[in-house]
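Student: Sharing a structure below in structure tokens format, with a few things to ask.
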Protein chains: 2
Amino acid sequence: MASEKLIDRETAVKRVTPEHLDQLLHPTVDPKTDAHVLATGLPASPGAAQGTVIFSPDEAEELAKEGAQLVLVRHETSPDDFHGMVAAQAIVTARGGMTSHAAVVARGMGKTCVSGASALEVDYSQQQFTVNGEVVTKGEWITVDGSTGRVFLGKVPTIQPTLGHDFYELMKWADEFRRLKVRANADTPHDARVARQMGAEGIGLCRTEHMFFGDKRLACMREMILADGTGAREKALDKLLPLQRGDFVGIFREMAGFPVTIRLLDPPLHEFLPNVDELLGELSELKMALRHAVTLSDMDHLLDEMDEKRQLLRHVNKIREANPMLGFRGCRLGLLYPEVTRMQCRAIFEAAIQVKGERKQVTLEIMVPLVSVSEELAQQAEIIHDVARQVMGEHGMKFEYEVGTMIELRTNDLTQTTFGLSRDDSGRFLPAYVDRKILSDDPFQVLDREGVGELVRIGAERGRSVKPNLKVGICGEHGGDPSSIAFCNEIGLNYVSCSPYRVPVARLASAQAALEAKVKAAAEREIEKQAQEATVA
Amino acid sequence: MASEKLIDRETAVKRVTPEHLDQLLHPTVDPKTDAHVLATGLPASPGAAQGTVIFSPDEAEELAKEGAQLVLVRHETSPDDFHGMVAAQAIVTARGGMTSHAAVVARGMGKTCVSGASALEVDYSQQQFTVNGEVVTKGEWITVDGSTGRVFLGKVPTIQPTLGHDFYELMKWADEFRRLKVRANADTPHDARVARQMGAEGIGLCRTEHMFFGDKRLACMREMILADGTGAREKALDKLLPLQRGDFVGIFREMAGFPVTIRLLDPPLHEFLPNVDELLGELSELKMALRHAVTLSDMDHLLDEMDEKRQLLRHVNKIREANPMLGFRGCRLGLLYPEVTRMQCRAIFEAAIQVKGERKQVTLEIMVPLVSVSEELAQQAEIIHDVARQVMGEHGMKFEYEVGTMIELRTNDLTQTTFGLSRDDSGRFLPAYVDRKILSDDPFQVLDREGVGELVRIGAERGRSVKPNLKVGICGEHGGDPSSIAFCNEIGLNYVSCSPYRVPVARLASAQAALEAKVKAAAEREIEKQAQEATVA
């Protein structure tokens, strides 16, 4: 209608809903289908995809290498399953909400996901799931509709999205109106490329820990964590350095000319280690095998294996935490093990120098995570500057970079701590809370303005009172939520950052927020004017 | 000196340090001793005590019944060890800081404790600990000095405190100057009695969950947690009701005429359940036994036992949380399982009516824990009022009571969430943080004014802006810390609440804070006056 001049651009931008735009960006299930709906769960990550049912992430990885199209079905997912999620076309979980591990990771990857399909009884040992008495076995085809939460039996026709002229035109208009910059959360060169295609103006959050979950990398990471003393740790870090540098090179190339915010290692170390219960189970099995070993060499072999597992168990137990979310992580790690920060910074600066050598512009921002007192930031910044001087000296080169931090924690974490609410554990009562109107929304999806928002506002205000040009943005789930974006616009943040596939939605929502603010300001001016005229009269 | 009129009372109150007073209140090791110091740890809970070394809390409980004097030595303690801590004269741990479980619980009980004596290598299986090559076995006598952190081999002479006329006189003077009320944290009639002896003006925090850790009670509590559905849960709660009511009757009697703040059930339920690793180990043992069972009836017996443990394990796994501190606890429990709140309130109101029947005054305040949004408090208050009406109706009696909440979380929890820092897990880096001056103090001991304190101030200010006579106090560790007390005085709180044995220190510190504030105000007035005179001149 705008192209035909029936409405103006402003009206066009105002009329398109984020939900509509979101549909435009993803494949959809043919609305004319009458295929059999197996189960319905939460629309955790939009899109439509199909594949054969698979339960084991390891097998999924293997089969995907051979070109298989797979749907990973799990009770719920954990960081251990990441490689299987990468390998699959879509993910279905029986448990977990809109902010479960599966949902968040899938949205981040732009991968179709249905979570919390509670009618599914998943049986790993039988390699099948049952739903209302119907049995679906490994290898059967299913189709997943992540936009509506439906899981179909068989291959259901899907419609591919076409990002045509209209889409790009609409985005261009939105960009004219918005004030907020829109960046993307991207951890790999691939994500960075998608982010640019979606119009992201930089990376607001590059999570370096995600670079350590691949199989070979995980082994190095474990070696680093289990290392006894600084020397051994440095040796393991030396192996991680080139891998990490390679990732940064790829990301900087894709984002040439745009800012890239890289966050140093943030999560608790135990996320990289095996599960204690599984380890205990494996050890028990080995003990049983030892009882029935026939030859001495069999026994030696078993004893070696047990030794290794027992050592691993001791280490895991040593670093186990009651509340890992609030534990030994983020800059606390970097302060006590400065060699970890040093390795990461070396990888970053060396990558920057390499890409600059290719005559591409690198705009680098390093983010120190989980800072609660200023001295933490100061001591981490010292290490960063020291490595920068060193690497620049080695290459006879100098360039600018910025060092910053999160307002204590990013808004997801700030929501956890403001509410005293663990996202991982909230599934048991948060849905009931929303049902009973104790909360109007899931605060991990829609930013809570009264509590969390107030803290962000106080943080931004006090920060700018001492540094007026302080750059403030939010990253994490809220950065892609229209209501949260409107709030960020209102309190004057500089940018929002969201998953690459949410970037168009964020661009639109930012424009709508700016237009809304314009209308409000005009109305206020009008009221003021009338009040003045009344006084004069 | 004050008695001899050499100094006035104000000066006397100002001169006594809290540390000095703390020493007065506890037995001390004879300073002339030249006994052998085995190890030094943190002075986690003051006093001097001796006993024979014991490692198992269960055994400690058994032996204490026979009159044994024991010192419980552990790697570290958990709520599972509570009965052993009660039974022992003193507690020594190899791990854990000033705010570890052992330290906090021991201070709460007024029991001598040395924590984090890291030179101790505790070996439960050999029932011994080694320290610099020296082996100390179960049954050997040791003496613990919780005021200095020393652990001695053998029985070292101790000096009992005498709270003489001077002590009471000094306290009376302090009471004349202070503005803050001082209450105690007390969970049992015994604690309440001690609190009154120490001069507490009420109970600021009565933790009802501590009433469920005795052996018979723990069984009922587990039954309640594992109950399938509301009906079964109510049946288990019926067993807990008389036990809980009995405790309240005892507490109300001791505190007649003074306010008692009772907090409804707060901790995560898994604290009442057995440890998963231990359960897995027990199950493996049973499986082994099953392989070698001789008779069918032996097998039946083993199968029954396994069945029970497997069911328990399933339940424990179901309610297991990644970050229990931020999980399904506090009023979240009371909202989803209102029958728990109903039982607790019935116990409270019935106990109040019984004690009122004895012509004693009961001033009742019910506190709803872990409130993050107002609707939570509103819905819990509705249940409380409903039970109140019901119980009062049954007894044809009416009386006043108050319902309140914590400012989100009590200051310990607020410190955890403000810093994103789990108290249970902070031992690995917090000492290093203080050493390196990243933090000036352990924020769990000394209230952090800039962050946590600011939030408390904002909370109190905003609360009073809508309800000017809002009663605000703090309970928890900070309530007994002089620097934190000074801050509470400064921001105009009504009371502090601390463990019974800290009450005299809190009374003194409150007086000193009030005197300090008086001096400061006088100085400010003087400056203002001079400024005015200067203007006039």
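How things are named: the first chain in the structure tokens is A, the next is B, and so on; residues count from 1 in each chain; ligands count from 1 in the order shown.
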Would you kindly return, as a CSV table (one decimal) with all heavy atoms, in the first residue's frame, each protein, DNA or RNA residue with an atom no farther than 10 Å from any atom of A:Ile353, considering only C-alpha atoms and excluding same-chain residues fewer than 3 positions away?

Tutor:
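Written file, result_24.csv:
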```csv
chain,number,residue,atom,x,y,z
A,249,VAL,N,39.2,-14.3,13.8
A,249,VAL,CA,39.5,-13.8,12.4
A,249,VAL,C,38.3,-13.9,11.5
A,249,VAL,O,38.0,-12.9,10.9
A,249,VAL,CB,40.7,-14.7,11.8
A,249,VAL,CG1,40.8,-14.5,10.3
A,249,VAL,CG2,42.0,-14.4,12.5
A,348,ILE,N,42.4,-12.5,20.6
A,348,ILE,CA,41.6,-11.4,20.1
A,348,ILE,C,42.5,-10.4,19.3
A,348,ILE,O,42.3,-10.0,18.2
A,348,ILE,CB,40.9,-10.7,21.2
A,348,ILE,CG1,39.8,-11.6,21.8
A,348,ILE,CG2,40.3,-9.3,20.7
A,348,ILE,CD1,39.2,-11.0,23.1
A,349,PHE,N,43.6,-10.0,20.0
A,349,PHE,CA,44.5,-9.0,19.4
A,349,PHE,C,45.2,-9.5,18.2
A,349,PHE,O,45.4,-8.8,17.2
A,349,PHE,CB,45.5,-8.4,20.4
A,349,PHE,CG,44.8,-7.6,21.5
A,349,PHE,CD1,44.8,-7.9,22.8
A,349,PHE,CD2,44.0,-6.4,21.1
A,349,PHE,CE1,44.2,-7.1,23.8
A,349,PHE,CE2,43.4,-5.6,22.0
A,349,PHE,CZ,43.4,-6.0,23.4
A,350,GLU,N,45.7,-10.8,18.2
A,350,GLU,CA,46.4,-11.3,17.1
A,350,GLU,C,45.4,-11.4,15.9
A,350,GLU,O,45.8,-11.1,14.7
A,350,GLU,CB,47.0,-12.7,17.4
A,350,GLU,CG,48.2,-12.6,18.3
A,350,GLU,CD,48.8,-13.9,18.6
A,350,GLU,OE1,48.3,-15.0,18.3
A,350,GLU,OE2,49.9,-13.9,19.3
A,356,LYS,N,43.2,-6.7,10.1
A,356,LYS,CA,43.6,-5.4,9.7
A,356,LYS,C,44.7,-5.5,8.5
A,356,LYS,O,44.7,-4.6,7.6
A,356,LYS,CB,44.2,-4.6,10.9
A,356,LYS,CG,43.2,-4.0,11.8
A,356,LYS,CD,43.8,-3.4,13.0
A,356,LYS,CE,42.8,-2.6,13.8
A,356,LYS,NZ,42.3,-1.4,13.1
A,357,GLY,N,45.5,-6.5,8.6
A,357,GLY,CA,46.5,-6.7,7.5
A,357,GLY,C,45.8,-7.0,6.2
A,357,GLY,O,46.5,-6.7,5.1
A,358,GLU,N,44.6,-7.4,6.2
A,358,GLU,CA,43.9,-7.6,5.0
A,358,GLU,C,43.1,-6.4,4.6
A,358,GLU,O,42.2,-6.4,3.8
A,358,GLU,CB,42.8,-8.8,5.2
A,358,GLU,CG,43.5,-10.1,5.6
A,358,GLU,CD,42.5,-11.1,6.1
A,358,GLU,OE1,41.3,-10.8,6.1
A,358,GLU,OE2,43.0,-12.2,6.6
A,359,ARG,N,43.5,-5.2,5.2
A,359,ARG,CA,42.9,-3.9,4.9
A,359,ARG,C,41.4,-3.9,5.2
A,359,ARG,O,40.6,-3.3,4.5
A,359,ARG,CB,43.1,-3.5,3.4
A,359,ARG,CG,44.6,-3.6,3.1
A,359,ARG,CD,45.0,-2.6,2.0
A,359,ARG,NE,46.4,-2.4,2.0
A,359,ARG,CZ,47.0,-1.4,2.8
A,359,ARG,NH1,46.2,-0.6,3.4
A,359,ARG,NH2,48.3,-1.2,2.8
A,360,LYS,N,41.0,-4.6,6.3
A,360,LYS,CA,39.6,-4.5,6.7
A,360,LYS,C,39.6,-3.8,8.1
A,360,LYS,O,40.5,-3.9,8.9
A,360,LYS,CB,39.0,-5.9,6.9
A,360,LYS,CG,38.8,-6.6,5.6
A,360,LYS,CD,37.9,-7.8,5.8
A,360,LYS,CE,37.5,-8.5,4.5
A,360,LYS,NZ,38.6,-9.4,3.9
A,362,VAL,N,38.6,-3.1,11.8
A,362,VAL,CA,38.2,-3.9,13.0
A,362,VAL,C,37.9,-2.9,14.1
A,362,VAL,O,38.7,-2.1,14.5
A,362,VAL,CB,39.3,-4.9,13.4
A,362,VAL,CG1,38.9,-5.6,14.7
A,362,VAL,CG2,39.7,-5.9,12.3
A,391,VAL,N,51.2,-7.7,22.3
A,391,VAL,CA,51.0,-8.2,21.0
A,391,VAL,C,51.2,-7.1,19.9
A,391,VAL,O,51.8,-7.3,18.9
A,391,VAL,CB,49.5,-8.7,20.9
A,391,VAL,CG1,49.2,-9.1,19.4
A,391,VAL,CG2,49.3,-9.8,21.8
A,392,MET,N,50.8,-5.8,20.2
A,392,MET,CA,51.1,-4.7,19.3
A,392,MET,C,52.5,-4.5,19.1
A,392,MET,O,53.0,-4.3,18.0
A,392,MET,CB,50.4,-3.5,19.8
A,392,MET,CG,48.9,-3.5,19.7
A,392,MET,SD,48.1,-2.0,20.3
A,392,MET,CE,46.4,-2.5,20.5
A,395,HIS,N,54.1,-7.0,16.8
A,395,HIS,CA,53.7,-6.8,15.3
A,395,HIS,C,54.0,-5.4,14.9
A,395,HIS,O,53.7,-5.0,13.7
A,395,HIS,CB,52.2,-7.1,15.1
A,395,HIS,CG,52.0,-8.6,15.2
A,395,HIS,ND1,51.8,-9.2,16.5
A,395,HIS,CD2,51.8,-9.6,14.3
A,395,HIS,CE1,51.6,-10.5,16.3
A,395,HIS,NE2,51.6,-10.8,15.0
A,397,MET,N,52.6,-2.6,15.5
A,397,MET,CA,51.3,-2.0,15.1
A,397,MET,C,50.6,-1.4,16.3
A,397,MET,O,50.8,-1.9,17.4
A,397,MET,CB,50.5,-3.2,14.5
A,397,MET,CG,49.6,-2.7,13.4
A,397,MET,SD,48.9,-4.3,12.7
A,397,MET,CE,47.5,-3.6,11.8
A,398,LYS,N,49.8,-0.4,16.0
A,398,LYS,CA,49.0,0.2,17.1
A,398,LYS,C,47.6,0.4,16.7
A,398,LYS,O,47.4,0.8,15.5
A,398,LYS,CB,49.6,1.5,17.6
A,398,LYS,CG,50.5,1.4,18.8
A,398,LYS,CD,50.9,2.7,19.4
A,398,LYS,CE,50.1,3.0,20.6
A,398,LYS,NZ,50.7,4.0,21.4
A,399,PHE,N,46.6,0.1,17.5
A,399,PHE,CA,45.2,0.4,17.1
A,399,PHE,C,44.4,0.6,18.4
A,399,PHE,O,44.8,0.2,19.5
A,399,PHE,CB,44.6,-0.6,16.2
A,399,PHE,CG,44.6,-2.0,16.7
A,399,PHE,CD1,43.5,-2.4,17.5
A,399,PHE,CD2,45.6,-2.9,16.5
A,399,PHE,CE1,43.4,-3.7,18.0
A,399,PHE,CE2,45.6,-4.2,17.0
A,399,PHE,CZ,44.5,-4.6,17.8
```

Student: Do a neighbour search on stretch 485-498 of chain A at 9 Å with only C-alpha atoms, toss out local chain neighbours closer than 6 positions, and write the hits as number ranges by chain.

Tutor: A: 108, 179-186, 200, 202-205, 447, 449, 453, 456-457, 460-461, 470-479, 506, 509-510, 512-514, 516-517

Student: Take atom CA of A:Leu218 and atom CA of B:Arg320 and report the distance between them in Å, one decimal.

Tutor: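 About the pair atom CA of A:Leu218 and atom CA of B:Arg320: they are 26.0 Å apart.
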
Student: If you run DSSP on the backbone here, which positions in stretch 177-315 of chain A get strand (DSSP E)? Please write them as a ChimeraX atom specification.

Tutor: /A:181-185,203-207,259-263

Student: Just C-alpha atoms for this one: save the residues we selected as a PDB file, in the first residue's frame.

Tutor:
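Now in part22.pdb:
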```pdb
ATOM      1  CA  LYS A 181      21.244   0.747  16.909  1.00  0.00           C
ATOM      2  CA  VAL A 182      20.569  -2.947  16.381  1.00  0.00           C
ATOM      3  CA  ARG A 183      23.363  -5.444  16.827  1.00  0.00           C
ATOM      4  CA  ALA A 184      23.369  -9.231  16.901  1.00  0.00           C
ATOM      5  CA  ASN A 185      24.598 -11.863  19.333  1.00  0.00           C
ATOM      6  CA  ILE A 203      27.943  -7.709  17.249  1.00  0.00           C
ATOM      7  CA  GLY A 204      26.672  -6.789  20.709  1.00  0.00           C
ATOM      8  CA  LEU A 205      27.680 -10.052  22.317  1.00  0.00           C
ATOM      9  CA  CYS A 206      30.191 -12.616  21.126  1.00  0.00           C
ATOM     10  CA  ARG A 207      30.229 -15.402  23.735  1.00  0.00           C
ATOM     11  CA  PRO A 259      31.819  -2.918  16.121  1.00  0.00           C
ATOM     12  CA  VAL A 260      32.332  -6.348  17.673  1.00  0.00           C
ATOM     13  CA  THR A 261      31.861  -6.768  21.426  1.00  0.00           C
ATOM     14  CA  ILE A 262      33.674  -9.850  22.656  1.00  0.00           C
ATOM     15  CA  ARG A 263      32.857 -11.110  26.113  1.00  0.00           C
TER      16      ARG A 263
END
```

Student: Atom CA of B:Ser483 to atom CA of B:Pro504: how many Å, to one decimal?

Tutor: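 Straight-line distance from atom CA of B:Ser483 to atom CA of B:Pro504 works out to 14.9 Å.
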
Student: Neighbouring residues of stretch 163-171 of chain A were defined as those with any atom within 8 Å, considering only C-alpha atoms; residues of the same chain fewer than 3 positions away were excluded. Please report them as a ChimeraX atom specification.

Tutor: /A:12-13,24-25,174-175,504,507-508

Student: Quick one: which residues from chain B are at most 8 Å off chain A, using only C-alpha atoms, as a count of residues only?

Tutor: 35

Student: Pick out the residues sitting within 10 Å of stretch 139-153 of chain A, and hand them over as number ranges by chain; count only C-alpha atoms, and ignore anything fewer than 3 positions along from it in its own chain.

Tutor: A: 19, 22-23, 26-29, 34-55, 69-71, 89-92, 111-117, 127-128, 136, 156-158

Student: Output as a list in words all residues of stretch 51-159 of chain B that backbone DSSP marks as helix (DSSP H, G or I).

Tutor: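 Helix (DSSP H, G or I) assignments inside stretch 51-159 of chain B correspond to Pro57, Asp58, Glu59, Ala60, Glu61, Glu62, Leu63, Ala64, Lys65, Pro79, Asp80, Asp81, Phe82, His83, Gly84, Met85, Val86, Ala87, His101, Ala102, Ala103, Val104, Val105, Ala106, Arg107, Gly108 and Met109 of chain B.
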
Student: Show which residues sit within 12 Å of B:Leu286, as a PyMOL selection string. Count only C-alpha atoms, and ignore same-chain residues fewer than 2 positions away.

Tutor: chain B and resi 279-284+288-293+298-310

Student: Mind pulling up the distance from atom CA of A:Ala192 to atom CA of A:Asp481?

Tutor: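 Computed distance, atom CA of A:Asp481 to atom CA of A:Ala192, equals 20.1 Å.
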
Student: Smallest atom-to-atom distance to A:Glu402: which of A:Glu61, A:Asp448, A:Asp8, A:Glu365, using only C-alpha atoms?

Tutor: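 For A:Glu402, the nearest of the candidates is A:Glu365.
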
Student: Got a sec: who's within 9 Å of A:Leu515, counting only C-alpha atoms, leaving out chain neighbours fewer than 5 positions off, as an MDAnalysis selection string?

Tutor: chainID A and resid 10 14 177:178 510 520

Student: Would you write out those residues with C-alpha atoms, as a PDB file, in the first residue's frame?

Tutor:
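Writing the result to result-v8.pdb gives the following:
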```pdb
ATOM      1  CA  GLU A  10       5.448   5.923   8.704  1.00  0.00           C
ATOM      2  CA  LYS A  14       3.627   1.153  12.260  1.00  0.00           C
ATOM      3  CA  PHE A 177      12.836   6.217  11.833  1.00  0.00           C
ATOM      4  CA  ARG A 178      14.729   4.370  14.538  1.00  0.00           C
ATOM      5  CA  SER A 510      13.020   0.109  17.345  1.00  0.00           C
ATOM      6  CA  LYS A 520       3.921  11.090  22.804  1.00  0.00           C
TER       7      LYS A 520
END
```

Student: Quick one: everything within 12 Å of A:Gln244, counting only C-alpha atoms, minus sequence neighbours fewer than 6 positions away in the same chain. Send it as JSON, numbers by chain.

Tutor: {"A": [187, 188, 189, 206, 207, 208, 209, 210, 211, 212, 213, 214, 217, 220, 221, 237, 238, 250, 251, 262, 264, 265, 340, 343, 344, 345, 346, 347, 348, 349, 350, 351]}

Student: Measuring atom to atom with only C-alpha atoms, identify which of A:Thr17, A:Gln126, A:Gln390, A:Thr405 is nearest to A:Val368.

Tutor: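 Nearest candidate to A:Val368 out of A:Thr17, A:Gln126, A:Gln390, A:Thr405: A:Thr405.
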